[in-house]
Structures are given as structure tokens and as C-alpha cells.
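Undergrad: My structure is in start-v5.txt, and what it holds is compact mmCIF, N, CA and C atoms:
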# COMPACT_ATOMS: atom_id res chain seq x y z
N MET A 2 -8.45 -18.46 -0.23
CA MET A 2 -7.22 -17.83 -0.68
C MET A 2 -6.21 -17.94 0.46
N MET A 3 -5.04 -18.49 0.15
CA MET A 3 -3.99 -18.64 1.16
C MET A 3 -3.18 -17.35 1.23
N LEU A 4 -3.02 -16.83 2.45
CA LEU A 4 -2.22 -15.62 2.66
C LEU A 4 -1.21 -15.86 3.77
N CYS A 5 -0.01 -15.33 3.61
CA CYS A 5 1.01 -15.43 4.66
C CYS A 5 0.64 -14.47 5.80
N ASP A 6 1.37 -14.60 6.92
CA ASP A 6 1.10 -13.73 8.07
C ASP A 6 1.25 -12.26 7.73
N ARG A 7 2.24 -11.93 6.90
CA ARG A 7 2.46 -10.52 6.52
C ARG A 7 1.27 -9.97 5.76
N CYS A 8 0.75 -10.74 4.82
CA CYS A 8 -0.40 -10.27 4.03
C CYS A 8 -1.65 -10.18 4.89
N GLN A 9 -1.82 -11.11 5.81
CA GLN A 9 -2.98 -11.06 6.70
C GLN A 9 -2.93 -9.85 7.63
N SER A 10 -1.74 -9.33 7.90
CA SER A 10 -1.62 -8.22 8.85
C SER A 10 -1.57 -6.84 8.18
N ILE A 11 -1.75 -6.77 6.85
CA ILE A 11 -1.76 -5.46 6.18
C ILE A 11 -2.93 -4.65 6.72
N ASP A 12 -2.62 -3.48 7.26
CA ASP A 12 -3.67 -2.60 7.80
C ASP A 12 -3.30 -1.16 7.48
N LEU A 13 -3.85 -0.65 6.41
CA LEU A 13 -3.53 0.71 5.97
C LEU A 13 -4.17 1.77 6.86
N SER A 14 -5.12 1.38 7.71
CA SER A 14 -5.77 2.36 8.60
C SER A 14 -4.83 2.85 9.70
N LEU A 15 -3.73 2.14 9.93
CA LEU A 15 -2.77 2.54 10.97
C LEU A 15 -1.72 3.52 10.45
N SER A 16 -1.72 3.78 9.15
CA SER A 16 -0.68 4.59 8.53
C SER A 16 -1.04 6.07 8.55
N PRO A 17 -0.03 6.92 8.82
CA PRO A 17 -0.26 8.35 8.58
C PRO A 17 -0.26 8.59 7.06
N LEU A 18 -0.72 9.75 6.66
CA LEU A 18 -0.71 10.11 5.24
C LEU A 18 0.70 10.53 4.85
N HIS A 19 1.27 9.86 3.85
CA HIS A 19 2.60 10.18 3.33
C HIS A 19 2.44 10.96 2.03
N SER A 20 3.53 11.55 1.57
CA SER A 20 3.48 12.26 0.31
C SER A 20 4.81 12.07 -0.42
N GLU A 21 4.73 11.91 -1.73
CA GLU A 21 5.94 11.83 -2.53
C GLU A 21 5.80 12.83 -3.67
N ALA A 22 6.91 13.29 -4.15
CA ALA A 22 6.89 14.21 -5.29
C ALA A 22 6.47 13.43 -6.52
N VAL A 23 5.53 13.96 -7.26
CA VAL A 23 5.09 13.33 -8.50
C VAL A 23 5.42 14.29 -9.63
N VAL A 24 6.49 13.98 -10.34
CA VAL A 24 6.94 14.84 -11.43
C VAL A 24 6.92 14.03 -12.71
N GLY A 25 5.86 14.14 -13.46
CA GLY A 25 5.76 13.43 -14.72
C GLY A 25 5.57 11.94 -14.51
N PHE A 26 5.54 11.21 -15.60
CA PHE A 26 5.27 9.78 -15.53
C PHE A 26 6.48 8.96 -15.12
N HIS A 27 7.70 9.53 -15.16
CA HIS A 27 8.88 8.73 -14.81
C HIS A 27 8.86 8.27 -13.37
N LYS A 28 8.15 8.96 -12.47
CA LYS A 28 8.06 8.54 -11.08
C LYS A 28 7.28 7.24 -10.94
N TRP A 29 6.57 6.84 -11.97
CA TRP A 29 5.74 5.64 -11.88
C TRP A 29 6.38 4.46 -12.59
N ASP A 30 7.69 4.52 -12.81
CA ASP A 30 8.46 3.37 -13.28
C ASP A 30 7.82 2.65 -14.46
N GLY A 31 7.46 3.39 -15.47
CA GLY A 31 6.99 2.76 -16.69
C GLY A 31 5.51 2.46 -16.74
N LEU A 32 4.79 2.69 -15.65
CA LEU A 32 3.35 2.47 -15.73
C LEU A 32 2.76 3.51 -16.67
N PRO A 33 1.78 3.13 -17.47
CA PRO A 33 1.21 4.09 -18.42
C PRO A 33 0.24 5.07 -17.78
N TYR A 34 0.08 5.03 -16.46
CA TYR A 34 -0.85 5.92 -15.77
C TYR A 34 -0.37 6.13 -14.35
N LYS A 35 -0.97 7.07 -13.69
CA LYS A 35 -0.75 7.29 -12.27
C LYS A 35 -2.05 6.91 -11.55
N PRO A 36 -2.03 6.69 -10.22
CA PRO A 36 -3.31 6.47 -9.54
C PRO A 36 -4.23 7.65 -9.82
N SER A 37 -5.52 7.40 -9.74
CA SER A 37 -6.49 8.39 -10.19
C SER A 37 -6.35 9.74 -9.48
N ASP A 38 -5.88 9.77 -8.23
CA ASP A 38 -5.70 11.06 -7.57
C ASP A 38 -4.48 11.78 -8.13
N GLY A 39 -3.38 11.07 -8.31
CA GLY A 39 -2.20 11.62 -8.96
C GLY A 39 -1.41 12.63 -8.15
N THR A 40 -1.76 12.84 -6.87
CA THR A 40 -1.04 13.84 -6.08
C THR A 40 0.17 13.26 -5.36
N GLY A 41 0.26 11.95 -5.29
CA GLY A 41 1.36 11.32 -4.58
C GLY A 41 1.10 11.14 -3.10
N ARG A 42 -0.12 11.39 -2.63
CA ARG A 42 -0.45 11.15 -1.21
C ARG A 42 -0.87 9.69 -1.05
N PHE A 43 -0.28 9.01 -0.04
CA PHE A 43 -0.57 7.59 0.13
C PHE A 43 -0.49 7.17 1.58
N PHE A 44 -1.12 6.03 1.84
CA PHE A 44 -1.03 5.32 3.11
C PHE A 44 -0.19 4.08 2.84
N ALA A 45 0.61 3.65 3.83
CA ALA A 45 1.52 2.53 3.59
C ALA A 45 1.47 1.53 4.74
N SER A 46 1.77 0.29 4.39
CA SER A 46 1.89 -0.77 5.37
C SER A 46 3.15 -1.57 5.04
N GLU A 47 3.98 -1.80 6.04
CA GLU A 47 5.18 -2.60 5.81
C GLU A 47 4.75 -4.00 5.39
N HIS A 48 5.51 -4.57 4.48
CA HIS A 48 5.20 -5.92 4.02
C HIS A 48 6.40 -6.78 4.37
N HIS A 49 7.09 -7.33 3.41
CA HIS A 49 8.26 -8.16 3.72
C HIS A 49 9.51 -7.31 3.83
N PRO A 50 10.47 -7.70 4.70
CA PRO A 50 11.67 -6.89 4.91
C PRO A 50 12.64 -6.91 3.73
N ASN A 51 12.50 -7.92 2.85
CA ASN A 51 13.39 -8.01 1.69
C ASN A 51 12.78 -8.95 0.66
N ILE A 52 13.39 -8.99 -0.51
CA ILE A 52 12.87 -9.80 -1.61
C ILE A 52 12.94 -11.29 -1.27
N GLU A 53 13.96 -11.71 -0.51
CA GLU A 53 14.08 -13.13 -0.15
C GLU A 53 12.87 -13.59 0.67
N ALA A 54 12.43 -12.75 1.61
CA ALA A 54 11.26 -13.11 2.43
C ALA A 54 9.99 -13.15 1.57
N LEU A 55 9.88 -12.22 0.61
CA LEU A 55 8.74 -12.23 -0.31
C LEU A 55 8.74 -13.51 -1.15
N VAL A 56 9.90 -13.87 -1.69
CA VAL A 56 10.02 -15.08 -2.51
C VAL A 56 9.68 -16.31 -1.68
N SER A 57 10.14 -16.37 -0.44
CA SER A 57 9.86 -17.50 0.43
C SER A 57 8.35 -17.64 0.67
N ALA A 58 7.67 -16.52 0.95
CA ALA A 58 6.23 -16.56 1.17
C ALA A 58 5.50 -16.98 -0.10
N ALA A 59 5.97 -16.49 -1.25
CA ALA A 59 5.36 -16.88 -2.53
C ALA A 59 5.54 -18.38 -2.77
N GLU A 60 6.73 -18.89 -2.47
CA GLU A 60 7.01 -20.31 -2.69
C GLU A 60 6.22 -21.21 -1.75
N THR A 61 5.81 -20.69 -0.60
CA THR A 61 4.99 -21.49 0.32
C THR A 61 3.51 -21.35 0.01
N GLY A 62 3.16 -20.54 -1.01
CA GLY A 62 1.79 -20.52 -1.50
C GLY A 62 0.97 -19.29 -1.22
N CYS A 63 1.55 -18.22 -0.68
CA CYS A 63 0.77 -17.00 -0.43
C CYS A 63 0.37 -16.38 -1.78
N HIS A 64 -0.92 -16.30 -2.02
CA HIS A 64 -1.41 -15.84 -3.33
C HIS A 64 -1.04 -14.40 -3.63
N PHE A 65 -1.13 -13.52 -2.64
CA PHE A 65 -0.79 -12.11 -2.89
C PHE A 65 0.72 -11.96 -3.13
N CYS A 66 1.55 -12.66 -2.35
CA CYS A 66 3.00 -12.60 -2.56
C CYS A 66 3.40 -13.15 -3.92
N ILE A 67 2.70 -14.18 -4.38
CA ILE A 67 2.96 -14.70 -5.73
C ILE A 67 2.71 -13.61 -6.76
N GLN A 68 1.61 -12.87 -6.62
CA GLN A 68 1.28 -11.80 -7.55
C GLN A 68 2.32 -10.67 -7.48
N ILE A 69 2.72 -10.31 -6.27
CA ILE A 69 3.73 -9.24 -6.11
C ILE A 69 5.05 -9.67 -6.75
N ARG A 70 5.48 -10.89 -6.43
CA ARG A 70 6.76 -11.37 -7.00
C ARG A 70 6.70 -11.36 -8.52
N HIS A 71 5.61 -11.83 -9.09
CA HIS A 71 5.48 -11.85 -10.54
C HIS A 71 5.52 -10.43 -11.11
N GLY A 72 4.81 -9.50 -10.46
CA GLY A 72 4.81 -8.11 -10.92
C GLY A 72 6.19 -7.49 -10.85
N LEU A 73 6.91 -7.74 -9.77
CA LEU A 73 8.26 -7.20 -9.65
C LEU A 73 9.20 -7.84 -10.66
N TRP A 74 9.01 -9.12 -10.93
CA TRP A 74 9.84 -9.80 -11.93
C TRP A 74 9.64 -9.17 -13.30
N GLN A 75 8.41 -8.75 -13.59
CA GLN A 75 8.13 -8.10 -14.87
C GLN A 75 8.91 -6.80 -15.02
N VAL A 76 9.09 -6.07 -13.91
CA VAL A 76 9.82 -4.81 -13.93
C VAL A 76 11.32 -5.06 -14.05
N ARG A 77 11.79 -6.18 -13.52
CA ARG A 77 13.17 -6.65 -13.59
C ARG A 77 14.10 -5.94 -12.62
N GLY A 78 15.19 -6.62 -12.32
CA GLY A 78 16.23 -6.04 -11.47
C GLY A 78 16.02 -6.25 -9.99
N HIS A 79 14.88 -6.77 -9.58
CA HIS A 79 14.59 -6.87 -8.16
C HIS A 79 15.22 -8.08 -7.49
N GLU A 80 15.61 -9.10 -8.22
CA GLU A 80 16.16 -10.31 -7.61
C GLU A 80 17.65 -10.48 -7.87
N SER A 81 18.32 -9.43 -8.31
CA SER A 81 19.76 -9.55 -8.53
C SER A 81 20.49 -9.48 -7.20
N ASP A 82 21.76 -9.81 -7.21
CA ASP A 82 22.55 -9.75 -5.99
C ASP A 82 23.17 -8.37 -5.76
N GLU A 83 22.88 -7.43 -6.61
CA GLU A 83 23.44 -6.09 -6.46
C GLU A 83 22.76 -5.35 -5.31
N VAL A 84 23.55 -4.65 -4.50
CA VAL A 84 23.03 -3.92 -3.35
C VAL A 84 21.97 -2.91 -3.77
N ARG A 85 22.14 -2.30 -4.92
CA ARG A 85 21.20 -1.27 -5.35
C ARG A 85 19.81 -1.82 -5.66
N HIS A 86 19.68 -3.16 -5.73
CA HIS A 86 18.38 -3.77 -5.99
C HIS A 86 17.74 -4.32 -4.72
N ARG A 87 18.33 -4.07 -3.56
CA ARG A 87 17.84 -4.62 -2.30
C ARG A 87 16.99 -3.60 -1.56
N GLY A 88 16.02 -4.06 -0.81
CA GLY A 88 15.22 -3.17 0.01
C GLY A 88 13.93 -3.83 0.45
N PRO A 89 13.25 -3.23 1.42
CA PRO A 89 12.00 -3.78 1.93
C PRO A 89 10.85 -3.58 0.94
N ILE A 90 9.79 -4.35 1.14
CA ILE A 90 8.58 -4.25 0.34
C ILE A 90 7.51 -3.59 1.21
N GLU A 91 6.75 -2.67 0.63
CA GLU A 91 5.61 -2.12 1.35
C GLU A 91 4.40 -2.08 0.42
N ILE A 92 3.22 -2.04 1.02
CA ILE A 92 1.98 -1.93 0.28
C ILE A 92 1.48 -0.50 0.44
N ARG A 93 1.11 0.14 -0.67
CA ARG A 93 0.63 1.52 -0.63
C ARG A 93 -0.76 1.64 -1.24
N TYR A 94 -1.53 2.50 -0.60
CA TYR A 94 -2.83 2.90 -1.15
C TYR A 94 -2.76 4.40 -1.37
N TYR A 95 -2.76 4.82 -2.63
CA TYR A 95 -2.75 6.24 -2.97
C TYR A 95 -4.18 6.74 -2.94
N GLU A 96 -4.38 7.94 -2.36
CA GLU A 96 -5.72 8.51 -2.34
C GLU A 96 -6.28 8.52 -3.75
N GLN A 97 -7.50 8.07 -3.89
CA GLN A 97 -8.10 7.98 -5.22
C GLN A 97 -9.61 7.83 -5.10
N THR A 98 -10.27 8.09 -6.15
CA THR A 98 -11.70 7.82 -6.26
C THR A 98 -11.84 6.46 -6.90
N PRO A 99 -12.57 5.53 -6.24
CA PRO A 99 -12.72 4.21 -6.86
C PRO A 99 -13.34 4.33 -8.25
N LYS A 100 -12.87 3.49 -9.16
CA LYS A 100 -13.47 3.42 -10.48
C LYS A 100 -14.72 2.56 -10.35
N SER A 101 -15.78 2.94 -11.05
CA SER A 101 -17.03 2.21 -10.92
C SER A 101 -17.61 1.93 -12.30
N GLU A 102 -18.06 0.69 -12.50
CA GLU A 102 -18.71 0.31 -13.75
C GLU A 102 -19.73 -0.78 -13.45
N ASN A 103 -20.97 -0.52 -13.78
CA ASN A 103 -22.07 -1.48 -13.55
C ASN A 103 -22.14 -1.94 -12.10
N GLY A 104 -21.92 -1.01 -11.17
CA GLY A 104 -22.01 -1.33 -9.76
C GLY A 104 -20.79 -2.00 -9.17
N VAL A 105 -19.78 -2.27 -9.98
CA VAL A 105 -18.54 -2.91 -9.52
C VAL A 105 -17.50 -1.82 -9.33
N GLU A 106 -16.93 -1.74 -8.13
CA GLU A 106 -15.92 -0.72 -7.84
C GLU A 106 -14.53 -1.34 -7.80
N THR A 107 -13.56 -0.58 -8.29
CA THR A 107 -12.17 -1.04 -8.32
C THR A 107 -11.29 0.03 -7.70
N ILE A 108 -10.36 -0.39 -6.82
CA ILE A 108 -9.33 0.50 -6.31
C ILE A 108 -7.98 -0.10 -6.66
N GLU A 109 -6.97 0.78 -6.71
CA GLU A 109 -5.60 0.32 -6.99
C GLU A 109 -4.80 0.29 -5.69
N LEU A 110 -4.08 -0.79 -5.49
CA LEU A 110 -3.07 -0.89 -4.45
C LEU A 110 -1.74 -1.06 -5.17
N PHE A 111 -0.67 -0.63 -4.53
CA PHE A 111 0.66 -0.77 -5.11
C PHE A 111 1.56 -1.52 -4.15
N ALA A 112 2.31 -2.49 -4.69
CA ALA A 112 3.41 -3.09 -3.96
C ALA A 112 4.64 -2.31 -4.39
N VAL A 113 5.45 -1.89 -3.42
CA VAL A 113 6.61 -1.06 -3.71
C VAL A 113 7.85 -1.70 -3.12
N ALA A 114 8.82 -2.01 -3.98
CA ALA A 114 10.13 -2.45 -3.52
C ALA A 114 10.97 -1.19 -3.35
N LYS A 115 11.33 -0.89 -2.10
CA LYS A 115 12.06 0.35 -1.79
C LYS A 115 13.56 0.09 -1.86
N THR A 116 14.11 0.13 -3.07
CA THR A 116 15.53 -0.15 -3.27
C THR A 116 16.32 1.15 -3.17
N PRO A 117 17.63 1.05 -2.89
CA PRO A 117 18.45 2.26 -2.88
C PRO A 117 18.47 2.98 -4.23
N ALA A 118 18.30 2.23 -5.31
CA ALA A 118 18.34 2.84 -6.64
C ALA A 118 17.05 3.60 -6.94
N ARG A 119 15.89 3.04 -6.56
CA ARG A 119 14.60 3.67 -6.83
C ARG A 119 13.50 2.87 -6.16
N ASP A 120 12.30 3.46 -6.09
CA ASP A 120 11.12 2.72 -5.66
C ASP A 120 10.54 2.04 -6.89
N VAL A 121 10.39 0.72 -6.82
CA VAL A 121 9.82 -0.04 -7.93
C VAL A 121 8.37 -0.33 -7.57
N LYS A 122 7.44 0.21 -8.37
CA LYS A 122 6.01 0.11 -8.07
C LYS A 122 5.31 -0.86 -9.02
N VAL A 123 4.45 -1.68 -8.43
CA VAL A 123 3.63 -2.62 -9.19
C VAL A 123 2.19 -2.43 -8.74
N SER A 124 1.27 -2.21 -9.67
CA SER A 124 -0.12 -1.96 -9.29
C SER A 124 -0.96 -3.23 -9.32
N PHE A 125 -1.98 -3.24 -8.45
CA PHE A 125 -2.95 -4.32 -8.37
C PHE A 125 -4.33 -3.71 -8.23
N ASP A 126 -5.30 -4.26 -8.93
CA ASP A 126 -6.68 -3.82 -8.79
C ASP A 126 -7.39 -4.71 -7.79
N PHE A 127 -8.07 -4.08 -6.82
CA PHE A 127 -8.93 -4.81 -5.90
C PHE A 127 -10.35 -4.42 -6.24
N VAL A 128 -11.19 -5.43 -6.37
CA VAL A 128 -12.54 -5.23 -6.89
C VAL A 128 -13.56 -5.54 -5.79
N ARG A 129 -14.59 -4.68 -5.72
CA ARG A 129 -15.72 -4.92 -4.81
C ARG A 129 -16.96 -5.05 -5.68
N TYR A 130 -17.62 -6.20 -5.57
CA TYR A 130 -18.83 -6.46 -6.32
C TYR A 130 -20.04 -6.09 -5.48
N PRO A 131 -21.16 -5.76 -6.11
CA PRO A 131 -22.37 -5.47 -5.33
C PRO A 131 -22.73 -6.69 -4.49
N CYS A 132 -23.21 -6.44 -3.27
CA CYS A 132 -23.56 -7.56 -2.40
C CYS A 132 -24.88 -7.29 -1.71
N GLN A 133 -25.41 -8.32 -1.14
CA GLN A 133 -26.67 -8.21 -0.41
C GLN A 133 -26.40 -7.59 0.95
N SER A 134 -27.38 -7.00 1.55
CA SER A 134 -27.29 -6.38 2.86
C SER A 134 -27.12 -7.47 3.91
N PRO A 135 -26.37 -7.33 5.00
CA PRO A 135 -25.50 -6.17 5.24
C PRO A 135 -24.22 -6.30 4.44
N CYS A 136 -23.76 -5.21 3.93
CA CYS A 136 -22.58 -5.20 3.07
C CYS A 136 -21.54 -4.29 3.69
N LYS A 137 -20.32 -4.81 3.86
CA LYS A 137 -19.23 -4.02 4.43
C LYS A 137 -18.62 -3.11 3.36
N GLY A 138 -17.78 -2.19 3.81
CA GLY A 138 -17.00 -1.36 2.89
C GLY A 138 -15.86 -2.19 2.33
N TRP A 139 -14.78 -1.53 1.94
CA TRP A 139 -13.63 -2.24 1.41
C TRP A 139 -13.12 -3.21 2.46
N PHE A 140 -12.81 -4.41 2.05
CA PHE A 140 -12.37 -5.43 2.96
C PHE A 140 -10.86 -5.41 3.14
N ALA A 141 -10.41 -6.04 4.21
CA ALA A 141 -8.98 -6.24 4.44
C ALA A 141 -8.56 -7.50 3.70
N LEU A 142 -7.26 -7.62 3.38
CA LEU A 142 -6.78 -8.84 2.74
C LEU A 142 -7.08 -10.06 3.60
N SER A 143 -7.06 -9.89 4.93
CA SER A 143 -7.32 -11.03 5.82
C SER A 143 -8.75 -11.53 5.69
N ASP A 144 -9.67 -10.72 5.16
CA ASP A 144 -11.06 -11.16 4.95
C ASP A 144 -11.17 -12.16 3.82
N LEU A 145 -10.12 -12.33 3.01
CA LEU A 145 -10.17 -13.19 1.84
C LEU A 145 -9.89 -14.66 2.15
N LYS A 146 -9.62 -14.99 3.41
CA LYS A 146 -9.27 -16.37 3.77
C LYS A 146 -10.33 -17.35 3.34
Using C-alpha cells, write down the structure from this file.
TA:
Amino acid sequence: MMLCDRCQSIDLSLSPLHSEAVVGFHKWDGLPYKPSDGTGRFFASEHHPNIEALVSAAETGCHFCIQIRHGLWQVRGHESDEVRHRGPIEIRYYEQTPKSENGVETIELFAVAKTPARDVKVSFDFVRYPCQSPCKGWFALSDLK
């Protein structure tokens, strides 16, 4: 899996615990659910400084940036020239209990475009399959090379 330098350097263990107000589903920008914890507590890692840098990384083949760009495109408004649609991208992990089915665990990560108009959130599932010993915990994106 090809990852850009920004994706390889995502490290949520360096983040303090942040909190956002969670008032109803409108805070989740149209997602039909909230992360399983639902309290709005999260860890964050800076990603690209703007949408242009994200698009550039996606165009050079970074698989995670391609997914983020596609997710943001689905929400719309992120690539316009309007100032209210501009802002940095960050990766968030909201406190949650991993979902588990048949020994396969899934956690949600969110890419967030922090625009002056609103935070635009796109969710991604990261999956951990059962493995033989020795088996690590959740891996970093850089482990996917």
C-alpha cells in the first residue's frame, strides 16, 4: 500500500484528549450514526494543511489520501474556491469500543476537513483480523507499507 509522508507519520498516541460538543446527529454532517462512544472525546493528528495538498498526495498515488478525497467529495463543497470551504485536514480517533464479529475487530477513524463553515467528517473502518502469535495491537498506517 502506497502512503504519502503525511499518512506514514499519523500518530494518534501523541495527541491529548480533545472534546467537542455532540448535540444530536447534525454534528455528524449527515452520517447516520455517531462513533460508538458518542461522547465527542477524540485524539487527533494533523494531516494535510489544505485540500490542495490532499489532492496532490492522492494524485501521486497515496491510497489513504485517495479514500479521504473521495469521501470528502461525496460530502461536497470541499474543493470550491470559496474561503468558507478552506481549511486543514486532520485524522481523528473518537474513543470507542471496537466492533467485533467472528474474531474480526473494526474501529472507526475520521478524516476531518476543518473549514471555517463547519467540520466536515468522513468515516473509515480499520479492520484487524485474527493473527498468529506474536500478534500486535492496532497497527499504525505506516505498518501497511
Undergrad: Please, what distance in Å, to one decimal, runs between atom C of Thr116 of chain A and atom CA of Leu4 of chain A?
TA: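 So the answer is 25.7 Å.
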Undergrad: One decimal, in Å: what's the spacing between atom CA of Trp74 of chain A and atom CA of Gln97 of chain A?
TA: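 Between atom CA of Trp74 of chain A and atom CA of Gln97 of chain A the gap works out to 26.1 Å.
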Undergrad: If you count only N, CA and C atoms, which residues fall within 8 Å of Arg70 of chain A, apart from same-chain ones fewer than 5 positions away, as a list in words?
TA: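 Neighbouring residues, sequence-local ones excluded: Leu55, Val56, Ala59, His64, Phe65, Gln75 and Val76 of chain A.
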Undergrad: What does the file look like for those residues with N, CA and C atoms, as an mmCIF file, in the frame of the given file?
TA:
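Produced file selection.cif, reproduced below:
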data_model
loop_
_atom_site.group_PDB
_atom_site.id
_atom_site.type_symbol
_atom_site.label_atom_id
_atom_site.label_comp_id
_atom_site.auth_asym_id
_atom_site.auth_seq_id
_atom_site.Cartn_x
_atom_site.Cartn_y
_atom_site.Cartn_z
ATOM 1 N N LEU A 55 9.880 -12.220 0.610
ATOM 2 C CA LEU A 55 8.740 -12.230 -0.310
ATOM 3 C C LEU A 55 8.740 -13.510 -1.150
ATOM 4 N N VAL A 56 9.900 -13.870 -1.690
ATOM 5 C CA VAL A 56 10.020 -15.080 -2.510
ATOM 6 C C VAL A 56 9.680 -16.310 -1.680
ATOM 7 N N ALA A 59 5.970 -16.490 -1.250
ATOM 8 C CA ALA A 59 5.360 -16.880 -2.530
ATOM 9 C C ALA A 59 5.540 -18.380 -2.770
ATOM 10 N N HIS A 64 -0.920 -16.300 -2.020
ATOM 11 C CA HIS A 64 -1.410 -15.840 -3.330
ATOM 12 C C HIS A 64 -1.040 -14.400 -3.630
ATOM 13 N N PHE A 65 -1.130 -13.520 -2.640
ATOM 14 C CA PHE A 65 -0.790 -12.110 -2.890
ATOM 15 C C PHE A 65 0.720 -11.960 -3.130
ATOM 16 N N GLN A 75 8.410 -8.750 -13.590
ATOM 17 C CA GLN A 75 8.130 -8.100 -14.870
ATOM 18 C C GLN A 75 8.910 -6.800 -15.020
ATOM 19 N N VAL A 76 9.090 -6.070 -13.910
ATOM 20 C CA VAL A 76 9.820 -4.810 -13.930
ATOM 21 C C VAL A 76 11.320 -5.060 -14.050
#
Undergrad: Counting only C-alpha atoms, which of A:Ser14, A:Thr98, A:Gln68, A:Asn51 gets nearest to Phe125 of chain A?
TA: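 Of all the options, A:Gln68 lies closest to Phe125 of chain A.
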Undergrad: Could you work out how far atom C of Tyr130 of chain A lies from atom CA of Ile69 of chain A, giving the answer in Å with one decimal?
TA: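 Computed distance, atom CA of Ile69 of chain A to atom C of Tyr130 of chain A, equals 24.0 Å.
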Undergrad: Which residue is closest to Ala58 of chain A? Choose from A:Arg42, A:Arg7, A:Arg93, A:Arg129 and count only C-alpha atoms.
TA: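 Between A:Arg42, A:Arg7, A:Arg93, A:Arg129, the residue approaching Ala58 of chain A most closely is A:Arg7.
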Undergrad: Per DSSP on the backbone, filter segment 43-83 of chain A down to the residues in alpha helix (DSSP H) and report them as a count of residues only.
TA: 22
Undergrad: With a distance cut-off of 7 Å and only N, CA and C atoms, select the neighbouring residues of Cys63 of chain A, excluding the residue or stretch itself and same-chain residues fewer than 6 positions from it, and output the selection as an mmCIF file with N, CA and C atoms, keeping the file's coordinate frame.
TA:
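The resulting result36.cif:
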data_model
loop_
_atom_site.group_PDB
_atom_site.id
_atom_site.type_symbol
_atom_site.label_atom_id
_atom_site.label_comp_id
_atom_site.auth_asym_id
_atom_site.auth_seq_id
_atom_site.Cartn_x
_atom_site.Cartn_y
_atom_site.Cartn_z
ATOM 1 N N MET A 3 -5.040 -18.490 0.150
ATOM 2 C CA MET A 3 -3.990 -18.640 1.160
ATOM 3 C C MET A 3 -3.180 -17.350 1.230
ATOM 4 N N LEU A 4 -3.020 -16.830 2.450
ATOM 5 C CA LEU A 4 -2.220 -15.620 2.660
ATOM 6 C C LEU A 4 -1.210 -15.860 3.770
ATOM 7 N N CYS A 5 -0.010 -15.330 3.610
ATOM 8 C CA CYS A 5 1.010 -15.430 4.660
ATOM 9 C C CYS A 5 0.640 -14.470 5.800
ATOM 10 N N SER A 57 10.140 -16.370 -0.440
ATOM 11 C CA SER A 57 9.860 -17.500 0.430
ATOM 12 C C SER A 57 8.350 -17.640 0.670
#
